[in-house]
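What follows is input.cif (mmCIF, C-alpha atoms and all ligand atoms).
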```
data_input
loop_
_atom_site.group_PDB
_atom_site.id
_atom_site.type_symbol
_atom_site.label_atom_id
_atom_site.label_comp_id
_atom_site.auth_asym_id
_atom_site.auth_seq_id
_atom_site.Cartn_x
_atom_site.Cartn_y
_atom_site.Cartn_z
ATOM 1 C CA MET A 1 -29.062 -6.841 -15.273
ATOM 2 C CA SER A 2 -32.219 -4.761 -15.508
ATOM 3 C CA LEU A 3 -32.979 -1.378 -17.021
ATOM 4 C CA ASP A 4 -33.136 -0.031 -13.472
ATOM 5 C CA ASP A 5 -29.474 -0.851 -12.925
ATOM 6 C CA PRO A 6 -27.661 2.493 -12.514
ATOM 7 C CA ILE A 7 -24.925 1.564 -15.005
ATOM 8 C CA VAL A 8 -27.409 0.418 -17.632
ATOM 9 C CA ALA A 9 -29.417 3.563 -16.965
ATOM 10 C CA ALA A 10 -26.295 5.719 -17.459
ATOM 11 C CA VAL A 11 -25.422 3.989 -20.756
ATOM 12 C CA MET A 12 -29.027 4.265 -21.947
ATOM 13 C CA ALA A 13 -29.047 7.958 -21.068
ATOM 14 C CA ASP A 14 -26.035 8.408 -23.381
ATOM 15 C CA LEU A 15 -27.568 6.360 -26.176
ATOM 16 C CA VAL A 16 -31.095 7.729 -25.958
ATOM 17 C CA PRO A 17 -31.066 11.500 -25.534
ATOM 18 C CA ALA A 18 -33.852 12.766 -23.303
ATOM 19 C CA VAL A 19 -36.748 13.761 -25.528
ATOM 20 C CA GLN A 20 -37.564 17.426 -24.995
ATOM 21 C CA PRO A 21 -40.859 18.664 -26.392
ATOM 22 C CA ALA A 22 -40.146 21.118 -29.209
ATOM 23 C CA PRO A 23 -41.165 24.697 -28.400
ATOM 24 C CA VAL A 24 -44.426 25.704 -30.004
ATOM 25 C CA THR A 25 -42.578 28.165 -32.265
ATOM 26 C CA ALA A 26 -40.101 25.562 -33.582
ATOM 27 C CA GLY A 27 -40.199 25.173 -37.348
ATOM 28 C CA LEU A 28 -41.649 28.593 -38.085
ATOM 29 C CA PRO A 29 -39.548 30.758 -40.427
ATOM 30 C CA SER A 30 -37.403 33.341 -38.632
ATOM 31 C CA ARG A 31 -39.347 36.515 -38.229
ATOM 32 C CA PHE A 32 -39.644 39.221 -35.645
ATOM 33 C CA ALA A 33 -41.637 38.164 -32.620
ATOM 34 C CA CYS A 34 -41.319 39.146 -28.998
ATOM 35 C CA PHE A 35 -42.930 38.981 -25.582
ATOM 36 C CA VAL A 36 -43.248 42.359 -23.866
ATOM 37 C CA THR A 37 -43.066 42.264 -20.101
ATOM 38 C CA GLY A 38 -42.523 44.892 -17.457
ATOM 39 C CA THR A 39 -41.531 45.653 -13.917
ATOM 40 C CA ASP A 40 -45.172 46.037 -12.857
ATOM 41 C CA THR A 41 -48.673 46.752 -14.051
ATOM 42 C CA GLU A 42 -49.442 50.207 -15.551
ATOM 43 C CA ILE A 43 -45.829 50.968 -16.464
ATOM 44 C CA GLY A 44 -45.984 51.221 -20.259
ATOM 45 C CA LYS A 45 -46.118 47.705 -21.737
ATOM 46 C CA THR A 46 -49.066 48.527 -23.989
ATOM 47 C CA LEU A 47 -47.504 51.818 -25.055
ATOM 48 C CA THR A 48 -44.248 50.040 -25.931
ATOM 49 C CA SER A 49 -46.019 47.117 -27.655
ATOM 50 C CA SER A 50 -48.072 49.581 -29.701
ATOM 51 C CA ALA A 51 -44.903 51.503 -30.615
ATOM 52 C CA LEU A 52 -43.303 48.242 -31.784
ATOM 53 C CA LEU A 53 -46.345 47.475 -33.951
ATOM 54 C CA HIS A 54 -46.394 51.020 -35.304
ATOM 55 C CA ALA A 55 -42.708 50.777 -36.276
ATOM 56 C CA LEU A 56 -43.248 47.375 -37.917
ATOM 57 C CA VAL A 57 -46.244 48.613 -39.915
ATOM 58 C CA ALA A 58 -44.225 51.679 -40.976
ATOM 59 C CA ARG A 59 -41.681 49.261 -42.455
ATOM 60 C CA GLY A 60 -44.367 47.613 -44.553
ATOM 61 C CA VAL A 61 -44.586 44.492 -42.422
ATOM 62 C CA ARG A 62 -47.774 42.535 -41.644
ATOM 63 C CA ALA A 63 -47.710 42.963 -37.882
ATOM 64 C CA CYS A 64 -50.161 41.681 -35.307
ATOM 65 C CA GLY A 65 -50.383 42.262 -31.578
ATOM 66 C CA MET A 66 -51.622 39.714 -29.077
ATOM 67 C CA LYS A 67 -52.814 40.321 -25.529
ATOM 68 C CA PRO A 68 -53.511 36.716 -24.553
ATOM 69 C CA VAL A 69 -54.926 37.542 -21.132
ATOM 70 C CA ALA A 70 -56.714 40.857 -20.598
ATOM 71 C CA ALA A 71 -58.326 41.760 -17.296
ATOM 72 C CA GLY A 72 -60.742 44.677 -17.391
ATOM 73 C CA ALA A 73 -63.268 44.627 -20.199
ATOM 74 C CA GLU A 74 -66.587 46.246 -20.942
ATOM 75 C CA MET A 75 -69.345 45.436 -23.393
ATOM 76 C CA ARG A 76 -69.584 47.749 -26.431
ATOM 77 C CA ASP A 77 -71.446 47.094 -29.670
ATOM 78 C CA GLY A 78 -72.181 43.581 -28.503
ATOM 79 C CA GLU A 79 -68.484 42.775 -27.904
ATOM 80 C CA LEU A 80 -66.209 42.821 -24.885
ATOM 81 C CA HIS A 81 -63.529 45.506 -25.234
ATOM 82 C CA ASN A 82 -60.290 45.894 -23.324
ATOM 83 C CA GLU A 83 -58.114 48.993 -23.726
ATOM 84 C CA ASP A 84 -54.865 47.081 -24.254
ATOM 85 C CA ALA A 85 -56.385 44.693 -26.774
ATOM 86 C CA ASP A 86 -57.959 47.613 -28.666
ATOM 87 C CA SER A 87 -54.669 49.574 -28.674
ATOM 88 C CA LEU A 88 -52.740 46.630 -30.116
ATOM 89 C CA ILE A 89 -55.396 46.055 -32.772
ATOM 90 C CA ALA A 90 -55.248 49.752 -33.718
ATOM 91 C CA ALA A 91 -51.442 49.736 -33.968
ATOM 92 C CA GLY A 92 -51.165 46.529 -36.031
ATOM 93 C CA ASN A 93 -52.368 45.881 -39.573
ATOM 94 C CA VAL A 94 -53.464 42.239 -39.584
ATOM 95 C CA THR A 95 -57.118 41.558 -38.872
ATOM 96 C CA MET A 96 -57.629 38.456 -36.781
ATOM 97 C CA LEU A 97 -60.622 37.287 -34.790
ATOM 98 C CA ARG A 98 -60.587 39.032 -31.426
ATOM 99 C CA ASN A 99 -60.846 35.731 -29.601
ATOM 100 C CA LEU A 100 -57.512 34.763 -31.178
ATOM 101 C CA THR A 101 -55.665 37.959 -30.300
ATOM 102 C CA THR A 102 -57.171 37.783 -26.796
ATOM 103 C CA PRO A 103 -58.274 34.232 -25.960
ATOM 104 C CA TYR A 104 -58.984 35.272 -22.359
ATOM 105 C CA MET A 105 -60.933 38.540 -22.212
ATOM 106 C CA LEU A 106 -61.965 38.946 -18.578
ATOM 107 C CA LYS A 107 -64.368 41.543 -17.256
ATOM 108 C CA GLU A 108 -62.893 42.361 -13.869
ATOM 109 C CA ALA A 109 -59.798 44.624 -13.752
ATOM 110 C CA ALA A 110 -57.986 42.445 -11.233
ATOM 111 C CA ALA A 111 -55.305 39.788 -11.046
ATOM 112 C CA PRO A 112 -56.280 37.467 -13.932
ATOM 113 C CA HIS A 113 -56.747 34.297 -11.858
ATOM 114 C CA ILE A 114 -59.214 36.222 -9.686
ATOM 115 C CA ALA A 115 -61.004 37.780 -12.669
ATOM 116 C CA ALA A 116 -61.188 34.345 -14.308
ATOM 117 C CA ALA A 117 -62.542 32.645 -11.188
ATOM 118 C CA LEU A 118 -65.335 35.225 -11.027
ATOM 119 C CA GLU A 119 -66.435 34.007 -14.449
ATOM 120 C CA GLY A 120 -65.897 30.317 -13.702
ATOM 121 C CA VAL A 121 -63.025 30.232 -16.213
ATOM 122 C CA SER A 122 -59.627 28.556 -15.860
ATOM 123 C CA ILE A 123 -56.842 30.130 -17.914
ATOM 124 C CA GLU A 124 -54.972 27.381 -19.784
ATOM 125 C CA SER A 125 -51.961 27.571 -22.058
ATOM 126 C CA VAL A 126 -53.160 25.412 -24.982
ATOM 127 C CA PRO A 127 -55.779 27.864 -26.357
ATOM 128 C CA ILE A 128 -53.193 30.656 -26.126
ATOM 129 C CA LEU A 129 -50.464 28.682 -27.903
ATOM 130 C CA ALA A 130 -52.898 27.563 -30.606
ATOM 131 C CA ALA A 131 -54.048 31.162 -31.133
ATOM 132 C CA TYR A 132 -50.426 32.339 -31.292
ATOM 133 C CA LEU A 133 -49.670 29.829 -34.056
ATOM 134 C CA GLU A 134 -52.651 31.041 -36.092
ATOM 135 C CA ILE A 135 -51.603 34.650 -35.676
ATOM 136 C CA ALA A 136 -47.976 33.873 -36.550
ATOM 137 C CA ALA A 137 -49.105 32.024 -39.681
ATOM 138 C CA ALA A 138 -51.079 35.067 -40.846
ATOM 139 C CA SER A 139 -48.428 37.698 -40.008
ATOM 140 C CA ASP A 140 -44.780 38.554 -40.589
ATOM 141 C CA ALA A 141 -44.307 39.848 -37.048
ATOM 142 C CA VAL A 142 -46.041 39.261 -33.731
ATOM 143 C CA VAL A 143 -45.862 41.301 -30.534
ATOM 144 C CA VAL A 144 -47.259 39.554 -27.459
ATOM 145 C CA GLU A 145 -47.993 41.722 -24.441
ATOM 146 C CA GLY A 146 -47.866 40.030 -21.055
ATOM 147 C CA VAL A 147 -50.109 40.948 -18.171
ATOM 148 C CA GLY A 148 -48.885 42.942 -15.174
ATOM 149 C CA GLY A 149 -45.334 42.007 -14.130
ATOM 150 C CA PHE A 150 -43.488 38.848 -15.204
ATOM 151 C CA ARG A 151 -44.900 36.365 -12.672
ATOM 152 C CA VAL A 152 -48.617 36.991 -12.598
ATOM 153 C CA PRO A 153 -50.639 33.887 -11.693
ATOM 154 C CA LEU A 154 -52.991 32.768 -14.448
ATOM 155 C CA SER A 155 -54.315 29.564 -12.904
ATOM 156 C CA ILE A 156 -53.095 26.914 -10.481
ATOM 157 C CA GLY A 157 -49.538 25.994 -11.489
ATOM 158 C CA PHE A 158 -49.490 28.332 -14.487
ATOM 159 C CA ASP A 159 -48.317 31.934 -14.565
ATOM 160 C CA SER A 160 -47.322 34.521 -17.140
ATOM 161 C CA ALA A 161 -43.651 33.500 -16.930
ATOM 162 C CA ASP A 162 -44.655 29.927 -17.878
ATOM 163 C CA LEU A 163 -46.567 31.362 -20.818
ATOM 164 C CA ALA A 164 -43.529 33.341 -22.026
ATOM 165 C CA GLN A 165 -41.418 30.204 -21.677
ATOM 166 C CA GLN A 166 -43.896 28.061 -23.600
ATOM 167 C CA LEU A 167 -44.089 30.653 -26.374
ATOM 168 C CA ASP A 168 -40.265 30.652 -26.303
ATOM 169 C CA LEU A 169 -40.079 34.264 -27.426
ATOM 170 C CA PRO A 170 -37.323 36.805 -26.901
ATOM 171 C CA VAL A 171 -38.332 39.315 -24.281
ATOM 172 C CA ILE A 172 -38.496 43.097 -24.243
ATOM 173 C CA LEU A 173 -38.489 44.498 -20.712
ATOM 174 C CA VAL A 174 -40.256 47.767 -19.967
ATOM 175 C CA VAL A 175 -39.006 49.457 -16.827
ATOM 176 C CA GLY A 176 -41.365 51.950 -15.257
ATOM 177 C CA MET A 177 -38.909 54.521 -13.963
ATOM 178 C CA ARG A 178 -39.634 55.274 -10.326
ATOM 179 C CA LEU A 179 -37.845 54.815 -7.036
ATOM 180 C CA GLY A 180 -37.584 51.055 -6.502
ATOM 181 C CA CYS A 181 -37.471 50.118 -10.166
ATOM 182 C CA ILE A 182 -33.809 49.060 -10.174
ATOM 183 C CA SER A 183 -34.406 46.060 -7.949
ATOM 184 C CA GLN A 184 -37.711 45.283 -9.686
ATOM 185 C CA ALA A 185 -35.960 45.293 -13.062
ATOM 186 C CA LEU A 186 -33.071 43.110 -11.922
ATOM 187 C CA LEU A 187 -35.385 40.590 -10.247
ATOM 188 C CA THR A 188 -37.452 40.453 -13.418
ATOM 189 C CA LEU A 189 -34.307 39.937 -15.474
ATOM 190 C CA GLU A 190 -33.281 37.054 -13.204
ATOM 191 C CA ALA A 191 -36.691 35.421 -13.537
ATOM 192 C CA ILE A 192 -36.603 35.749 -17.327
ATOM 193 C CA GLU A 193 -33.108 34.289 -17.605
ATOM 194 C CA ALA A 194 -33.961 31.481 -15.149
ATOM 195 C CA ARG A 195 -36.515 30.309 -17.713
ATOM 196 C CA GLY A 196 -33.941 30.154 -20.481
ATOM 197 C CA LEU A 197 -35.329 33.257 -22.155
ATOM 198 C CA THR A 198 -33.322 36.247 -23.364
ATOM 199 C CA VAL A 199 -33.976 39.921 -22.853
ATOM 200 C CA ILE A 200 -33.220 41.450 -26.266
ATOM 201 C CA GLY A 201 -33.832 45.047 -25.266
ATOM 202 C CA TRP A 202 -35.332 47.250 -22.595
ATOM 203 C CA VAL A 203 -37.199 50.525 -22.427
ATOM 204 C CA ALA A 204 -36.925 53.186 -19.729
ATOM 205 C CA ASN A 205 -40.408 54.643 -19.419
ATOM 206 C CA THR A 206 -40.780 57.846 -17.429
ATOM 207 C CA LEU A 207 -43.716 57.507 -15.069
ATOM 208 C CA GLU A 208 -43.291 60.824 -13.280
ATOM 209 C CA VAL A 209 -42.778 64.175 -14.968
ATOM 210 C CA GLU A 210 -39.807 64.862 -12.737
ATOM 211 C CA MET A 211 -38.160 61.826 -11.261
ATOM 212 C CA ARG A 212 -35.147 62.709 -9.122
ATOM 213 C CA PHE A 213 -31.922 61.157 -10.439
ATOM 214 C CA LEU A 214 -33.691 59.720 -13.492
ATOM 215 C CA ASP A 215 -30.486 59.561 -15.556
ATOM 216 C CA GLU A 216 -28.500 58.047 -12.696
ATOM 217 C CA ASN A 217 -31.170 55.353 -12.275
ATOM 218 C CA ILE A 218 -31.076 54.635 -16.004
ATOM 219 C CA ASP A 219 -27.272 54.443 -15.907
ATOM 220 C CA ALA A 220 -27.453 51.915 -13.054
ATOM 221 C CA LEU A 221 -29.715 49.768 -15.220
ATOM 222 C CA ILE A 222 -27.572 50.164 -18.354
ATOM 223 C CA GLU A 223 -24.660 48.789 -16.338
ATOM 224 C CA ARG A 224 -26.632 45.786 -15.148
ATOM 225 C CA ILE A 225 -28.985 44.737 -17.956
ATOM 226 C CA PRO A 226 -27.073 42.778 -20.616
ATOM 227 C CA ALA A 227 -29.265 44.038 -23.458
ATOM 228 C CA PRO A 228 -29.491 47.356 -25.283
ATOM 229 C CA LEU A 229 -31.577 50.241 -24.025
ATOM 230 C CA LEU A 230 -34.044 50.777 -26.884
ATOM 231 C CA GLY A 231 -34.822 54.274 -25.732
ATOM 232 C CA LYS A 232 -36.012 56.575 -22.976
ATOM 233 C CA LEU A 233 -39.690 57.408 -23.181
ATOM 234 C CA PRO A 234 -40.397 60.804 -21.681
ATOM 235 C CA ARG A 235 -43.744 61.607 -20.078
ATOM 236 C CA LEU A 236 -45.801 62.237 -23.215
ATOM 237 C CA ALA A 237 -48.559 64.838 -23.211
ATOM 238 C CA GLN A 238 -50.530 62.651 -25.598
ATOM 239 C CA PRO A 239 -49.296 59.081 -25.390
ATOM 240 C CA SER A 240 -49.760 57.222 -28.673
ATOM 241 C CA ALA A 241 -48.028 54.443 -30.584
ATOM 242 C CA GLN A 242 -46.594 56.934 -33.050
ATOM 243 C CA ALA A 243 -45.412 59.418 -30.409
ATOM 244 C CA ALA A 244 -43.731 56.659 -28.387
ATOM 245 C CA ALA A 245 -42.113 55.060 -31.463
ATOM 246 C CA ALA A 246 -40.290 58.335 -32.167
ATOM 247 C CA TYR A 247 -38.238 57.831 -28.979
ATOM 248 C CA LEU A 248 -37.425 54.151 -29.491
ATOM 249 C CA ASP A 249 -34.924 52.496 -31.815
ATOM 250 C CA PHE A 250 -35.827 48.900 -32.569
ATOM 251 C CA THR A 251 -33.547 48.491 -35.577
ATOM 252 C CA GLY A 252 -30.844 46.533 -33.700
ATOM 253 C CA LEU A 253 -33.267 43.872 -32.462
ATOM 254 C CA PRO A 254 -32.691 40.321 -33.726
ATOM 255 C CA ASN A 255 -34.822 39.595 -36.830
ATOM 256 C CA TRP A 256 -35.990 43.213 -37.032
ATOM 257 C CA PRO A 257 -37.205 43.469 -40.630
ATOM 258 C CA ALA A 258 -35.534 45.597 -43.268
ATOM 259 C CA GLN A 259 -37.560 48.492 -44.668
ATOM 260 C CA HIS A 260 -39.956 47.134 -47.304
ATOM 261 C CA PRO A 261 -39.026 48.698 -50.683
ATOM 262 C CA ASN A 262 -42.586 49.972 -51.293
ATOM 263 C CA THR A 263 -42.871 51.935 -48.028
HETATM 264 N N1 LIG A 301 -44.396 57.775 -21.184
HETATM 265 C C1 LIG A 301 -45.685 57.966 -20.974
HETATM 266 N N2 LIG A 301 -46.225 59.206 -21.115
HETATM 267 C C2 LIG A 301 -47.534 59.410 -20.886
HETATM 268 N N3 LIG A 301 -48.402 58.451 -20.525
HETATM 269 C C3 LIG A 301 -47.929 57.205 -20.390
HETATM 270 C C4 LIG A 301 -46.558 56.896 -20.602
HETATM 271 N N4 LIG A 301 -46.387 55.571 -20.371
HETATM 272 C C5 LIG A 301 -47.587 55.083 -20.065
HETATM 273 N N5 LIG A 301 -48.518 56.054 -20.074
HETATM 274 C C6 LIG A 301 -49.956 55.898 -19.768
HETATM 275 O O1 LIG A 301 -50.038 55.192 -18.545
HETATM 276 C C7 LIG A 301 -51.079 54.215 -18.608
HETATM 277 C C8 LIG A 301 -50.467 52.851 -18.385
HETATM 278 O O2 LIG A 301 -49.609 52.528 -19.475
HETATM 279 P P1 LIG A 301 -49.764 51.139 -20.209
HETATM 280 O O3 LIG A 301 -51.200 50.880 -20.493
HETATM 281 O O4 LIG A 301 -48.844 51.108 -21.370
HETATM 282 O O5 LIG A 301 -49.256 50.176 -19.039
HETATM 283 P P2 LIG A 301 -49.183 48.586 -19.009
HETATM 284 O O6 LIG A 301 -47.871 48.250 -18.423
HETATM 285 O O7 LIG A 301 -49.485 48.059 -20.341
HETATM 286 O O8 LIG A 301 -50.346 48.198 -17.971
HETATM 287 P P3 LIG A 301 -51.109 46.765 -17.791
HETATM 288 O O9 LIG A 301 -50.331 46.020 -16.771
HETATM 289 O O10 LIG A 301 -52.467 47.158 -17.310
HETATM 290 O O11 LIG A 301 -51.133 46.086 -19.102
HETATM 291 C C9 LIG A 301 -51.740 54.386 -19.972
HETATM 292 O O12 LIG A 301 -52.835 55.271 -19.853
HETATM 293 C C10 LIG A 301 -50.640 55.031 -20.820
HETATM 294 O O13 LIG A 301 -51.124 55.793 -21.900
HETATM 295 C C1 LIG A 302 -55.980 45.001 -14.314
HETATM 296 C C2 LIG A 302 -54.545 45.429 -14.531
HETATM 297 N N1 LIG A 302 -54.501 46.603 -15.363
HETATM 298 C C3 LIG A 302 -53.694 44.326 -15.148
HETATM 299 N N2 LIG A 302 -54.199 44.032 -16.446
HETATM 300 C C4 LIG A 302 -53.614 43.096 -14.268
HETATM 301 C C5 LIG A 302 -52.496 43.218 -13.287
HETATM 302 C C6 LIG A 302 -52.358 41.995 -12.428
HETATM 303 C C7 LIG A 302 -51.302 42.107 -11.367
HETATM 304 C C8 LIG A 302 -51.307 40.935 -10.474
HETATM 305 C C9 LIG A 302 -50.197 40.990 -9.458
HETATM 306 O O1 LIG A 302 -49.033 40.814 -9.806
HETATM 307 O O2 LIG A 302 -50.460 41.262 -8.300
HETATM 308 MG MG MG A 303 -51.048 46.884 -20.918
#
```
Could you show the structure in this file as structure tokens?
Amino acid sequence: MSLDDPIVAAVMADLVPAVQPAPVTAGLPSRFACFVTGTDTEIGKTLTSSALLHALVARGVRACGMKPVAAGAEMRDGELHNEDADSLIAAGNVTMLRNLTTPYMLKEAAAPHIAAALEGVSIESVPILAAYLEIAAASDAVVVEGVGGFRVPLSIGFDSADLAQQLDLPVILVVGMRLGCISQALLTLEAIEARGLTVIGWVANTLEVEMRFLDENIDALIERIPAPLLGKLPRLAQPSAQAAAAYLDFTGLPNWPAQHPNT
């Protein structure tokens, strides 16, 4: 009888559980951390991520944002700057090296795999996971903003959904409210759940000043997304982390920190 024998193999499978690599976040103390994704690009992920950081800082928490892959950067004061990365830095209160909060800062405002290829770069997960661990070790809370929608290619065989899965973070879904967003949101939800991840809350972000049947569209999503609506963001005259946070209630999120006594 050899180890290839199906019966021996079945017994061995019972005796020796398949070894699954531990997620990169395993072993860290429980703290608030999330991955913010959305139904598309330019639909309010950075605004929502910044609002999360603002609310965390207001509770006296050491909070750090991460935009692992940023596409669209310009040189200022000898450093590459990206709007999203800068917004998250401004909303958080933990100073980390910029190449940790954004390991891949790409110049071209395009799909990241294209922007990376233009620079002869290949976007890999290991530098991002290593940077995440450093940030998590220095902070009480981490907010990771994805790039574009949920399944944006980063390199061959690696996309932003794989990254979320490897980080093993609960997901906040931002829905850019416009005609078509119901299907986009539900497809995104399916893709998130297919990776064993959980949507812990979603945000309805108003993209148009007057969307027809806005409330009816939101109701259709409330009925279908098995996670709480964290709030409806109206079209803000001056969008900022603080202004957006006033419309969102994060307090029911898992591991959301209690108000620090000194704040
Ligand atoms: N509710 C809102 N009211 C006013 N402006 C908004 C609102 N939501 C988003 N914006 C503006 O729309 C633009 C896109 O929003 P944001 O940067 O948050 O999108 P994103 O999903 O993060 O995009 P990307 O895919 O590029 O990361 C920004 O200029 C932002 O300030
Ligand atoms: C440059 C832009 N603002 C985003 N950062 C990148 C969006 C990539 C979308 C790719 C795609 O899904 O087609
Ligand atoms: Mg953004």
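The smallest atom-to-atom distance between Ala241 (chain A) and any of A:Ala58, A:Leu80, A:Leu253, A:Leu100, using all atoms listed in the file, is found for A:Ala58.
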request  = Kindly work out which residues sit at most 10 Å from ligand LIG 301 (chain A), using all atoms listed in the file, and give the list as JSON, numbers by chain.
outcome  = {"A": [36, 37, 38, 39, 40, 41, 42, 43, 44, 45, 46, 47, 48, 49, 50, 67, 69, 70, 71, 72, 82, 83, 84, 85, 87, 109, 110, 111, 145, 146, 147, 148, 149, 174, 175, 176, 177, 204, 205, 206, 207, 208, 209, 232, 233, 234, 235, 236, 237, 238, 239, 240, 241, 243, 244, 247]}
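Distance check against Ile218 (chain A) using only C-alpha atoms: of A:Ala246, A:Arg178, A:Ala191, A:Pro153, the minimum falls on A:Arg178.
The list of residues with at least one atom within 10 Å of region 133-136 of chain A, based on only C-alpha atoms and without residues fewer than 3 positions apart in the same chain, reads Val24, Thr25, Leu28, Pro29, Arg31, Phe32, Ala33, Ala63, Cys64, Gly65, Met66, Val94, Thr95, Met96, Leu97, Leu100, Thr101, Ile128, Leu129, Ala130, Ser139, Asp140, Ala141, Val142, Val143 and Leu167 of chain A.
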note = Between A:Ala220, A:Ile156, A:Val144, A:Ala90, smallest distance to ligand MG 303 (chain A) by all atoms listed in the file belongs to A:Val144
task = Taking the file as shown, find all residues satisfying the PyMOL selection byres (((chain A and resi 252) around 10) and not hetatm) and write them as a list in words.
result = Ile200, Gly201, Pro228, Leu230, Asp249, Phe250, Thr251, Leu253, Pro254, Asn255, Trp256 and Pro257 of chain A
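Of note, CA of Trp202 (chain A) and CA of Ala227 (chain A) are spaced 6.9 Å apart.
One finds CA of Leu186 (chain A) at 7.7 Å from CA of Arg224 (chain A).
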message = Can you tell me which residues surround Val57 (chain A) at a distance of at most 8 Å, considering all atoms listed in the file, apart from same-chain residues fewer than 6 positions away, and format the answer as number ranges by chain?
response = A: 63, 91-93
Writing out the chosen residues with C-alpha atoms as a compact mmCIF listing (two decimals), in the frame of the given file:
```txt
# COMPACT_ATOMS: atom_id res chain seq x y z
CA ALA A 63 -47.71 42.96 -37.88
CA ALA A 91 -51.44 49.74 -33.97
CA GLY A 92 -51.16 46.53 -36.03
CA ASN A 93 -52.37 45.88 -39.57
```
task = Quick one: pull the distance between CA of Asn99 (chain A) and CA of Ala131 (chain A), Å, one decimal.
result = 8.3 Å
request  = Give as a PyMOL selection string every residue, naming chains and numbers as the document does, that has an atom within 12 Å of (-57.1, 36.5, -8.7), counting only C-alpha atoms.
outcome  = chain A and resi 71+106+108-123+152-156+159
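When all atoms listed in the file are used to measure the gap to Glu210 (chain A), the shortest distance among A:Gly231, A:Ile89, A:Leu179, A:Pro226 belongs to A:Leu179.
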